[in-house]
$ cat protein-v2.txt   # compact mmCIF, C-alpha atoms and all ligand atoms
# COMPACT_ATOMS: atom_id res chain seq x y z
CA MET A 1 -131.00 -51.02 -102.07
CA SER A 2 -130.43 -53.98 -99.84
CA GLY A 3 -129.19 -53.65 -96.31
CA THR A 4 -125.73 -54.95 -97.05
CA GLU A 5 -125.17 -52.51 -99.93
CA ALA A 6 -126.39 -49.59 -97.88
CA ALA A 7 -124.08 -50.53 -95.04
CA ALA A 8 -121.11 -51.02 -97.34
CA ASN A 9 -121.48 -47.56 -98.88
CA SER A 10 -121.50 -45.51 -95.72
CA THR A 11 -119.24 -44.61 -92.88
CA TYR A 12 -120.52 -45.28 -89.45
CA SER A 13 -119.43 -46.12 -86.00
CA PHE A 14 -120.59 -48.12 -83.05
CA ARG A 15 -121.31 -45.90 -80.13
CA ASP A 16 -121.17 -46.65 -76.48
CA HIS A 17 -124.73 -45.77 -75.56
CA THR A 18 -123.87 -44.57 -72.06
CA THR A 19 -121.00 -42.25 -72.96
CA GLY A 20 -121.97 -41.51 -76.57
CA LYS A 21 -118.38 -42.06 -77.69
CA PRO A 22 -117.62 -44.14 -80.75
CA THR A 23 -116.07 -47.49 -79.89
CA THR A 24 -115.11 -48.81 -83.32
CA THR A 25 -115.35 -46.88 -86.55
CA TYR A 26 -116.24 -48.62 -89.77
CA SER A 27 -115.81 -46.94 -93.13
CA SER A 28 -116.69 -48.09 -96.61
CA ALA A 29 -113.06 -49.11 -97.02
CA MET A 30 -113.44 -51.51 -94.10
CA SER A 31 -116.85 -52.65 -95.31
CA SER A 32 -119.88 -53.27 -93.13
CA PRO A 33 -119.52 -54.85 -89.67
CA PHE A 34 -121.88 -57.52 -90.96
CA ASP A 35 -119.68 -58.50 -93.89
CA ILE A 36 -119.24 -62.26 -93.90
CA LYS A 37 -115.49 -61.94 -94.60
CA THR A 38 -114.73 -59.85 -91.55
CA PHE A 39 -117.62 -60.62 -89.21
CA LYS A 40 -116.70 -61.96 -85.80
CA PHE A 41 -119.04 -63.03 -83.02
CA ASP A 42 -118.30 -61.44 -79.69
CA THR A 43 -120.37 -62.24 -76.64
CA PRO A 44 -119.67 -62.68 -72.90
CA GLN A 45 -118.22 -66.10 -72.20
CA PHE A 46 -118.69 -68.47 -69.27
CA ASP A 47 -117.76 -66.81 -65.99
CA PRO A 48 -116.98 -69.22 -63.12
CA ARG A 49 -118.44 -66.72 -60.65
CA PHE A 50 -121.85 -67.24 -62.26
CA PRO A 51 -122.12 -70.91 -63.24
CA HIS A 52 -125.89 -71.15 -62.74
CA VAL A 53 -128.93 -70.79 -64.94
CA ASN A 54 -129.68 -67.59 -62.99
CA GLN A 55 -127.52 -64.90 -64.61
CA THR A 56 -129.06 -61.89 -62.84
CA LYS A 57 -125.92 -61.17 -60.84
CA HIS A 58 -123.70 -61.73 -63.89
CA CYS A 59 -125.45 -58.76 -65.46
CA ALA A 60 -125.65 -56.59 -62.33
CA GLN A 61 -122.05 -57.19 -61.21
CA ASN A 62 -120.72 -56.13 -64.61
CA TYR A 63 -122.91 -53.02 -64.63
CA VAL A 64 -121.51 -52.00 -61.25
CA ASP A 65 -117.95 -52.94 -62.25
CA TYR A 66 -118.16 -50.88 -65.42
CA HIS A 67 -119.25 -47.75 -63.59
CA LYS A 68 -116.69 -48.29 -60.83
CA CYS A 69 -114.01 -48.79 -63.46
CA VAL A 70 -115.02 -45.63 -65.32
CA ALA A 71 -115.24 -43.65 -62.08
CA VAL A 72 -111.63 -44.52 -61.28
CA LYS A 73 -109.97 -44.71 -64.69
CA GLY A 74 -112.10 -42.45 -66.85
CA GLU A 75 -114.29 -43.22 -69.82
CA ASP A 76 -111.44 -43.63 -72.29
CA PHE A 77 -109.76 -46.40 -70.33
CA GLU A 78 -109.91 -49.31 -72.77
CA PRO A 79 -110.04 -52.25 -70.27
CA CYS A 80 -113.37 -50.95 -68.89
CA GLN A 81 -114.97 -51.90 -72.19
CA ILE A 82 -115.08 -55.59 -71.28
CA PHE A 83 -117.50 -54.79 -68.44
CA TRP A 84 -119.56 -52.63 -70.77
CA LYS A 85 -119.77 -55.37 -73.41
CA THR A 86 -120.76 -57.92 -70.78
CA PHE A 87 -123.52 -55.96 -69.12
CA THR A 88 -124.99 -54.67 -72.39
CA SER A 89 -125.13 -58.20 -73.77
CA LEU A 90 -126.73 -59.64 -70.65
CA CYS A 91 -128.88 -56.91 -69.09
CA PRO A 92 -132.26 -56.06 -70.65
CA VAL A 93 -132.29 -52.53 -72.09
CA ASP A 94 -135.06 -51.56 -69.64
CA TRP A 95 -132.94 -52.54 -66.66
CA VAL A 96 -129.96 -50.51 -67.86
CA GLU A 97 -132.17 -47.47 -68.42
CA ARG A 98 -133.67 -47.77 -64.96
CA TRP A 99 -130.25 -48.12 -63.31
CA ASP A 100 -128.89 -45.18 -65.29
CA ASP A 101 -131.79 -43.06 -64.04
CA GLN A 102 -131.15 -44.21 -60.50
CA ARG A 103 -127.46 -43.34 -60.73
CA GLU A 104 -128.27 -39.89 -62.06
CA ALA A 105 -130.73 -39.34 -59.23
CA GLY A 106 -128.15 -40.63 -56.75
CA LYS A 107 -130.46 -43.49 -55.76
CA PHE A 108 -128.52 -46.44 -57.12
CA PRO A 109 -128.25 -48.96 -54.27
CA VAL A 110 -124.54 -49.70 -54.83
CA LYS A 111 -121.86 -47.10 -54.15
CA ILE A 112 -120.02 -46.42 -57.40
CA GLU A 113 -117.09 -44.28 -56.18
CA MET B 1 -136.96 -84.82 -96.80
CA THR B 2 -139.60 -82.86 -94.95
CA TRP B 3 -139.20 -82.24 -91.26
CA LEU B 4 -142.07 -82.27 -88.84
CA ASP B 5 -141.65 -78.83 -87.29
CA VAL B 6 -145.30 -77.85 -86.88
CA PRO B 7 -148.24 -79.58 -85.23
CA ALA B 8 -149.86 -82.03 -87.66
CA PRO B 9 -153.36 -83.55 -87.56
CA TRP B 10 -153.37 -86.72 -85.42
CA ALA B 11 -149.69 -86.35 -84.63
CA MET B 12 -149.00 -88.75 -81.78
CA ARG B 13 -145.27 -88.33 -81.31
CA LEU B 14 -142.84 -85.53 -80.65
CA GLN B 15 -141.81 -83.12 -83.38
CA ASP B 16 -138.50 -83.67 -85.12
CA ALA B 17 -135.42 -82.52 -83.25
CA ALA B 18 -133.32 -79.61 -84.48
CA SER B 19 -130.77 -79.44 -81.65
CA PRO B 20 -128.59 -81.95 -79.79
CA ASN B 21 -130.60 -81.32 -76.60
CA GLN B 22 -133.84 -82.36 -78.21
CA GLU B 23 -132.15 -85.37 -79.82
CA GLY B 24 -131.06 -86.39 -76.35
CA ILE B 25 -134.61 -85.98 -75.07
CA HIS B 26 -135.95 -88.15 -77.91
CA GLU B 27 -133.37 -90.83 -77.17
CA LEU B 28 -134.19 -90.85 -73.46
CA TYR B 29 -137.90 -90.90 -74.22
CA ASP B 30 -137.60 -93.87 -76.58
CA HIS B 31 -135.36 -95.71 -74.14
CA ILE B 32 -137.71 -95.23 -71.19
CA MET B 33 -140.78 -96.06 -73.28
CA PHE B 34 -139.23 -99.43 -74.16
CA TYR B 35 -138.85 -100.45 -70.52
CA LEU B 36 -142.21 -98.90 -69.72
CA ALA B 37 -143.79 -101.20 -72.31
CA LEU B 38 -142.05 -104.24 -70.78
CA VAL B 39 -143.30 -103.36 -67.28
CA LEU B 40 -146.79 -102.69 -68.60
CA GLY B 41 -146.76 -106.10 -70.32
CA LEU B 42 -145.57 -107.88 -67.18
CA VAL B 43 -148.10 -106.20 -64.87
CA SER B 44 -151.01 -106.69 -67.29
CA TYR B 45 -150.09 -110.34 -67.79
CA MET B 46 -149.97 -110.99 -64.04
CA THR B 47 -153.24 -109.15 -63.40
CA ILE B 48 -155.08 -111.06 -66.10
CA VAL B 49 -153.70 -114.41 -64.98
CA ILE B 50 -154.62 -113.72 -61.35
CA VAL B 51 -158.14 -112.55 -62.20
CA LYS B 52 -158.79 -115.49 -64.56
CA ASP B 53 -157.89 -118.38 -62.27
CA PHE B 54 -157.37 -117.08 -58.78
CA THR B 55 -158.07 -120.45 -57.15
CA LYS B 56 -155.08 -122.42 -58.36
CA ASN B 57 -152.67 -119.64 -59.27
CA LYS B 58 -149.21 -119.20 -57.72
CA PHE B 59 -149.45 -115.39 -57.73
CA ALA B 60 -152.99 -115.14 -56.44
CA HIS B 61 -152.54 -116.94 -53.12
CA LYS B 62 -155.92 -116.10 -51.73
CA GLN B 63 -154.94 -116.91 -48.14
CA LEU B 64 -151.58 -115.09 -48.16
CA ARG B 65 -151.39 -112.45 -45.39
CA HIS B 66 -147.65 -111.71 -45.26
CA GLY B 67 -144.79 -112.51 -47.61
CA GLN B 68 -141.31 -111.26 -46.78
CA THR B 69 -139.76 -112.28 -50.11
CA LEU B 70 -142.63 -110.84 -52.11
CA GLU B 71 -142.39 -107.51 -50.24
CA ILE B 72 -138.67 -107.32 -50.91
CA ILE B 73 -139.09 -108.10 -54.60
CA TRP B 74 -141.89 -105.63 -55.25
CA THR B 75 -140.00 -102.89 -53.44
CA MET B 76 -136.56 -103.50 -54.92
CA PHE B 77 -137.71 -104.03 -58.50
CA PRO B 78 -139.45 -100.63 -58.95
CA ALA B 79 -136.65 -98.93 -57.00
CA LEU B 80 -134.07 -100.42 -59.36
CA ILE B 81 -136.05 -99.36 -62.42
CA LEU B 82 -136.37 -95.80 -61.09
CA LEU B 83 -132.66 -95.73 -60.35
CA LEU B 84 -131.78 -96.94 -63.84
CA MET B 85 -134.07 -94.29 -65.32
CA SER B 86 -132.68 -91.48 -63.18
CA PHE B 87 -129.05 -91.75 -64.28
CA PRO B 88 -129.47 -91.06 -68.02
CA SER B 89 -132.11 -88.49 -67.11
CA PHE B 90 -129.79 -86.53 -64.79
CA ILE B 91 -126.89 -86.73 -67.25
CA LEU B 92 -129.11 -85.22 -69.93
CA LEU B 93 -130.55 -82.63 -67.57
CA TYR B 94 -127.17 -81.28 -66.49
CA LEU B 95 -125.75 -81.42 -70.04
CA SER B 96 -128.71 -79.36 -71.26
CA ASP B 97 -128.06 -76.70 -68.62
CA GLU B 98 -124.47 -76.21 -69.72
CA VAL B 99 -123.71 -72.95 -71.55
CA LEU B 100 -120.02 -73.17 -72.32
CA THR B 101 -118.90 -71.22 -75.38
CA PRO B 102 -121.78 -69.16 -76.75
CA ALA B 103 -121.10 -67.18 -79.93
CA LEU B 104 -124.12 -64.98 -79.63
CA THR B 105 -126.45 -63.77 -76.89
CA VAL B 106 -130.10 -63.00 -77.52
CA LYS B 107 -132.31 -61.57 -74.81
CA ILE B 108 -135.93 -62.64 -74.70
CA VAL B 109 -138.38 -60.61 -72.66
CA GLY B 110 -141.93 -61.82 -72.07
CA LEU B 111 -144.66 -59.21 -71.76
CA GLN B 112 -148.44 -59.29 -71.54
CA TRP B 113 -148.97 -60.53 -74.28
CA TYR B 114 -146.07 -60.49 -76.66
CA TRP B 115 -142.34 -61.11 -76.74
CA LYS B 116 -139.47 -58.68 -77.13
CA TYR B 117 -136.13 -59.75 -78.57
CA GLU B 118 -132.87 -57.87 -77.99
CA TYR B 119 -129.69 -58.56 -79.95
CA SER B 120 -127.42 -56.53 -77.72
CA ASP B 121 -124.18 -57.97 -79.10
CA PHE B 122 -124.88 -55.61 -81.99
CA VAL B 123 -125.89 -51.96 -82.17
CA ASN B 124 -127.36 -49.87 -84.96
CA LYS B 125 -125.80 -46.77 -86.48
CA THR B 126 -126.91 -44.54 -83.65
CA GLY B 127 -125.48 -46.90 -81.07
CA GLU B 128 -128.75 -48.37 -79.86
CA THR B 129 -129.18 -52.06 -79.30
CA LEU B 130 -130.99 -54.05 -82.00
CA GLU B 131 -134.39 -54.90 -80.56
CA TYR B 132 -137.92 -55.51 -81.72
CA GLU B 133 -141.23 -56.92 -80.57
CA SER B 134 -143.10 -59.90 -81.88
CA TYR B 135 -146.88 -60.19 -81.93
CA ILE B 136 -149.17 -63.01 -82.95
CA MET B 137 -150.59 -62.94 -86.48
CA PRO B 138 -154.33 -62.29 -86.08
CA ASP B 139 -156.67 -64.89 -87.59
CA ASP B 140 -158.01 -62.52 -90.26
CA MET B 141 -154.51 -61.84 -91.58
CA LEU B 142 -153.51 -65.48 -91.98
CA GLU B 143 -152.66 -66.69 -95.45
CA GLU B 144 -152.83 -70.17 -96.92
CA GLY B 145 -150.13 -72.29 -95.29
CA ASN B 146 -149.74 -70.17 -92.18
CA THR B 147 -150.17 -71.78 -88.81
CA ARG B 148 -152.98 -70.37 -86.69
CA LEU B 149 -151.96 -69.27 -83.18
CA LEU B 150 -148.29 -69.91 -84.02
CA ASP B 151 -147.29 -67.42 -86.71
CA THR B 152 -146.08 -64.01 -85.66
CA ASP B 153 -145.31 -60.73 -87.41
CA THR B 154 -141.57 -60.80 -86.61
CA SER B 155 -139.47 -63.77 -85.58
CA ILE B 156 -136.22 -64.56 -83.81
CA VAL B 157 -133.68 -64.98 -86.61
CA LEU B 158 -130.62 -67.04 -85.74
CA PRO B 159 -127.70 -68.56 -87.65
CA VAL B 160 -127.42 -72.30 -88.17
CA ASP B 161 -124.64 -74.35 -86.47
CA THR B 162 -123.90 -71.59 -83.98
CA HIS B 163 -124.01 -71.73 -80.21
CA VAL B 164 -126.67 -69.28 -79.11
CA ARG B 165 -127.26 -68.19 -75.53
CA PHE B 166 -130.72 -66.99 -74.59
CA ILE B 167 -131.21 -64.70 -71.63
CA VAL B 168 -134.86 -65.04 -70.69
CA THR B 169 -136.79 -62.65 -68.46
CA ALA B 170 -140.20 -60.98 -68.17
CA ASN B 171 -141.43 -57.48 -67.52
CA ASP B 172 -144.80 -57.94 -65.86
CA VAL B 173 -145.88 -61.43 -64.81
CA MET B 174 -144.23 -64.80 -65.29
CA HIS B 175 -144.15 -66.26 -68.79
CA SER B 176 -142.28 -69.26 -70.12
CA PHE B 177 -140.19 -69.45 -73.25
CA ALA B 178 -140.51 -72.81 -75.00
CA VAL B 179 -139.44 -74.23 -78.35
CA PRO B 180 -140.18 -77.99 -78.52
CA SER B 181 -138.05 -78.63 -81.64
CA LEU B 182 -135.00 -77.37 -79.74
CA GLY B 183 -135.85 -78.91 -76.39
CA ILE B 184 -136.07 -75.54 -74.69
CA LYS B 185 -138.50 -74.59 -71.96
CA ILE B 186 -137.49 -72.01 -69.41
CA ASP B 187 -139.39 -69.67 -67.12
CA ALA B 188 -139.38 -65.96 -67.89
CA THR B 189 -139.52 -64.38 -64.45
CA PRO B 190 -139.61 -60.63 -63.76
CA GLY B 191 -136.42 -59.44 -62.07
CA ARG B 192 -134.48 -62.55 -62.90
CA LEU B 193 -132.36 -63.52 -65.91
CA ASN B 194 -132.45 -67.17 -66.86
CA GLN B 195 -129.87 -68.57 -69.22
CA VAL B 196 -130.32 -71.40 -71.70
CA SER B 197 -128.50 -72.26 -74.89
CA THR B 198 -129.03 -74.07 -78.14
CA LEU B 199 -127.23 -75.20 -81.24
CA MET B 200 -129.48 -75.52 -84.25
CA GLU B 201 -128.25 -78.15 -86.64
CA ARG B 202 -130.47 -77.36 -89.60
CA THR B 203 -132.17 -74.33 -91.06
CA GLY B 204 -135.91 -74.08 -90.66
CA VAL B 205 -138.75 -72.42 -88.81
CA PHE B 206 -139.51 -73.54 -85.29
CA TYR B 207 -142.48 -72.56 -83.19
CA GLY B 208 -143.28 -72.39 -79.52
CA GLN B 209 -145.93 -71.10 -77.19
CA CYS B 210 -145.87 -69.29 -73.88
CA SER B 211 -145.86 -72.07 -71.31
CA GLU B 212 -146.72 -70.32 -68.06
CA LEU B 213 -150.27 -69.12 -67.53
CA CYS B 214 -149.92 -65.35 -67.77
CA GLY B 215 -153.38 -63.89 -68.23
CA VAL B 216 -156.25 -63.76 -70.71
CA ASN B 217 -154.10 -63.76 -73.85
CA HIS B 218 -151.69 -66.44 -72.67
CA ALA B 219 -152.58 -68.54 -75.73
CA LEU B 220 -151.96 -65.60 -78.07
CA MET B 221 -148.24 -65.02 -77.54
CA PRO B 222 -146.41 -67.67 -79.58
CA MET B 223 -142.75 -67.50 -80.51
CA LYS B 224 -141.44 -68.11 -84.02
CA MET B 225 -137.79 -68.84 -84.62
CA GLN B 226 -136.15 -68.79 -88.02
CA CYS B 227 -132.86 -70.59 -88.36
CA VAL B 228 -131.00 -69.31 -91.43
CA THR B 229 -127.55 -69.53 -93.00
CA MET B 230 -124.80 -67.24 -91.74
CA GLU B 231 -125.06 -65.07 -94.89
CA ASP B 232 -128.79 -64.56 -94.41
CA PHE B 233 -128.28 -63.87 -90.72
CA LEU B 234 -125.76 -61.11 -91.45
CA THR B 235 -128.04 -59.61 -94.10
CA TYR B 236 -130.84 -59.63 -91.53
CA LEU B 237 -128.63 -57.90 -88.96
CA SER B 238 -127.50 -55.21 -91.38
CA GLU B 239 -131.12 -54.55 -92.38
CA LEU B 240 -132.08 -54.35 -88.70
CA SER B 241 -129.26 -51.92 -87.99
CA GLU B 242 -130.33 -49.50 -90.74
CU CU C 1 -147.10 -65.45 -71.38
$ encode --input "protein-v2.txt" --output "structure tokens" --more "lines below"
Ligand SMILES: [Cu+2]
Amino acid sequence: MSGTEAAANSTYSFRDHTTGKPTTTYSSAMSSPFDIKTFKFDTPQFDPRFPHVNQTKHCAQNYVDYHKCVAVKGEDFEPCQIFWKTFTSLCPVDWVERWDDQREAGKFPVKIE
Amino acid sequence: MTWLDVPAPWAMRLQDAASPNQEGIHELYDHIMFYLALVLGLVSYMTIVIVKDFTKNKFAHKQLRHGQTLEIIWTMFPALILLLMSFPSFILLYLSDEVLTPALTVKIVGLQWYWKYEYSDFVNKTGETLEYESYIMPDDMLEEGNTRLLDTDTSIVLPVDTHVRFIVTANDVMHSFAVPSLGIKIDATPGRLNQVSTLMERTGVFYGQCSELCGVNHALMPMKMQCVTMEDFLTYLSELSE
């Protein structure tokens, strides 16, 4: 069975990998997220605060903003997702894991509350 | 039509371009080479003439110790040429840096001595980011038609005619991500994210090599990029997300 068929025949959801909550749910009725008819690209766009080749702070700022946003508004607050999408698209997975560990240990250098 | 996308025996010129950036680089290169040839001709002609008959030559002037006009000319002329070269060069440089409306972000992480690619715009069924590593194809596993020191086990797969943003970084020492067909060369520095973008105008396979000396296996960490149609790209993503 090819990948597209397998995806089209199952129900599955995209999960926020920090909270574990589903973000969007796809079912066989909706077809796979990689169906050419419905597929849409979605990636962080140009941000005038970070116009340079160096995007390190673009990633870090959105990581901090996401956790500040969630700390104030709660994990279900929809507008926080834009920060989440931005930092996951820009930050290497290793960096996010390291920062998550630091936050859990209370050693993250930026105050989240 | 066959494109020159791999090194060829006795190849003297640049590989064929696959992105507007590289087309711009070719154009600038050809332009500058034209004037370079003119200057080379002029200087060689004058040198030969002066050496051949230095006694009765206007340029040679054996007894000349100071010439105001001559000094001005041979200062202004190179300065003007450099100035004329710098403008198109800077325009191209700053245009190449521009990342305006990317459709897709791919992270590229250099490690000793392989590359890791992360497609974090997409996640698999368990919510993890789509990521994989890419190692060089060892010599004893090469098949007829493969390129030695350039082919890898997995490659970066990207859709054609789509703005792609690369976020380039490293995990241990500095590396450099380079794809000549696309006109990309950017440092992969630990702790820093560098951004560069491309728009591939034709499908094909493009190769590159690590371009910052990074240790003993620096020559053994090539990058292979496959540019495919949108349909094939989506099939690839859904297979990756299984
Ligand atoms: Cu390297």
$ residues_around --input "protein-v2.txt" --residues "A:Phe50" --least-positions-apart "3" --cutoff "12 Å" --atoms "all atoms listed in the file" --output "ChimeraX atom specification"
/A:44-47,53-62 /B:98-100,193-195
$ residues_near_ligand --input "protein-v2.txt" --ligand "ligand CU 1 (chain C)" --cutoff "7 Å" --atoms "all atoms listed in the file" --output "PyMOL selection string"
chain B and resi 110-113+174-176+210-214+218+221
$ closest_residue --input "protein-v2.txt" --among "A:Gly74, A:Pro92, A:Pro48, A:Pro79" --to "chain B" --atoms "only C-alpha atoms"
A:Pro92
$ interface_residues --input "protein-v2.txt" --of "chain B" --to "chain A" --cutoff "10 Å" --atoms "only C-alpha atoms" --output "PDB file with C-alpha atoms, in the coordinates of the input"
ATOM      1  CA  ASP B  97    -128.060 -76.700 -68.620  1.00  0.00           C
ATOM      2  CA  GLU B  98    -124.470 -76.210 -69.720  1.00  0.00           C
ATOM      3  CA  VAL B  99    -123.710 -72.950 -71.550  1.00  0.00           C
ATOM      4  CA  LEU B 100    -120.020 -73.170 -72.320  1.00  0.00           C
ATOM      5  CA  THR B 101    -118.900 -71.220 -75.380  1.00  0.00           C
ATOM      6  CA  PRO B 102    -121.780 -69.160 -76.750  1.00  0.00           C
ATOM      7  CA  ALA B 103    -121.100 -67.180 -79.930  1.00  0.00           C
ATOM      8  CA  LEU B 104    -124.120 -64.980 -79.630  1.00  0.00           C
ATOM      9  CA  THR B 105    -126.450 -63.770 -76.890  1.00  0.00           C
ATOM     10  CA  VAL B 106    -130.100 -63.000 -77.520  1.00  0.00           C
ATOM     11  CA  LYS B 107    -132.310 -61.570 -74.810  1.00  0.00           C
ATOM     12  CA  ILE B 108    -135.930 -62.640 -74.700  1.00  0.00           C
ATOM     13  CA  VAL B 109    -138.380 -60.610 -72.660  1.00  0.00           C
ATOM     14  CA  TYR B 117    -136.130 -59.750 -78.570  1.00  0.00           C
ATOM     15  CA  GLU B 118    -132.870 -57.870 -77.990  1.00  0.00           C
ATOM     16  CA  TYR B 119    -129.690 -58.560 -79.950  1.00  0.00           C
ATOM     17  CA  SER B 120    -127.420 -56.530 -77.720  1.00  0.00           C
ATOM     18  CA  ASP B 121    -124.180 -57.970 -79.100  1.00  0.00           C
ATOM     19  CA  PHE B 122    -124.880 -55.610 -81.990  1.00  0.00           C
ATOM     20  CA  VAL B 123    -125.890 -51.960 -82.170  1.00  0.00           C
ATOM     21  CA  ASN B 124    -127.360 -49.870 -84.960  1.00  0.00           C
ATOM     22  CA  LYS B 125    -125.800 -46.770 -86.480  1.00  0.00           C
ATOM     23  CA  THR B 126    -126.910 -44.540 -83.650  1.00  0.00           C
ATOM     24  CA  GLY B 127    -125.480 -46.900 -81.070  1.00  0.00           C
ATOM     25  CA  GLU B 128    -128.750 -48.370 -79.860  1.00  0.00           C
ATOM     26  CA  THR B 129    -129.180 -52.060 -79.300  1.00  0.00           C
ATOM     27  CA  GLU B 131    -134.390 -54.900 -80.560  1.00  0.00           C
ATOM     28  CA  THR B 162    -123.900 -71.590 -83.980  1.00  0.00           C
ATOM     29  CA  VAL B 164    -126.670 -69.280 -79.110  1.00  0.00           C
ATOM     30  CA  ARG B 165    -127.260 -68.190 -75.530  1.00  0.00           C
ATOM     31  CA  PHE B 166    -130.720 -66.990 -74.590  1.00  0.00           C
ATOM     32  CA  ILE B 167    -131.210 -64.700 -71.630  1.00  0.00           C
ATOM     33  CA  VAL B 168    -134.860 -65.040 -70.690  1.00  0.00           C
ATOM     34  CA  THR B 169    -136.790 -62.650 -68.460  1.00  0.00           C
ATOM     35  CA  ALA B 170    -140.200 -60.980 -68.170  1.00  0.00           C
ATOM     36  CA  ASN B 171    -141.430 -57.480 -67.520  1.00  0.00           C
ATOM     37  CA  ILE B 186    -137.490 -72.010 -69.410  1.00  0.00           C
ATOM     38  CA  GLY B 191    -136.420 -59.440 -62.070  1.00  0.00           C
ATOM     39  CA  ARG B 192    -134.480 -62.550 -62.900  1.00  0.00           C
ATOM     40  CA  LEU B 193    -132.360 -63.520 -65.910  1.00  0.00           C
ATOM     41  CA  ASN B 194    -132.450 -67.170 -66.860  1.00  0.00           C
ATOM     42  CA  GLN B 195    -129.870 -68.570 -69.220  1.00  0.00           C
ATOM     43  CA  VAL B 196    -130.320 -71.400 -71.700  1.00  0.00           C
ATOM     44  CA  MET B 230    -124.800 -67.240 -91.740  1.00  0.00           C
ATOM     45  CA  GLU B 231    -125.060 -65.070 -94.890  1.00  0.00           C
ATOM     46  CA  ASP B 232    -128.790 -64.560 -94.410  1.00  0.00           C
ATOM     47  CA  PHE B 233    -128.280 -63.870 -90.720  1.00  0.00           C
ATOM     48  CA  LEU B 234    -125.760 -61.110 -91.450  1.00  0.00           C
ATOM     49  CA  THR B 235    -128.040 -59.610 -94.100  1.00  0.00           C
ATOM     50  CA  TYR B 236    -130.840 -59.630 -91.530  1.00  0.00           C
ATOM     51  CA  LEU B 237    -128.630 -57.900 -88.960  1.00  0.00           C
ATOM     52  CA  SER B 238    -127.500 -55.210 -91.380  1.00  0.00           C
ATOM     53  CA  GLU B 239    -131.120 -54.550 -92.380  1.00  0.00           C
ATOM     54  CA  LEU B 240    -132.080 -54.350 -88.700  1.00  0.00           C
ATOM     55  CA  SER B 241    -129.260 -51.920 -87.990  1.00  0.00           C
ATOM     56  CA  GLU B 242    -130.330 -49.500 -90.740  1.00  0.00           C
TER      57      GLU B 242
END
$ closest_residue --input "protein-v2.txt" --among "A:His67, A:Val110, A:Glu104, A:Glu97" --to "A:Gln81" --atoms "all atoms listed in the file"
A:His67
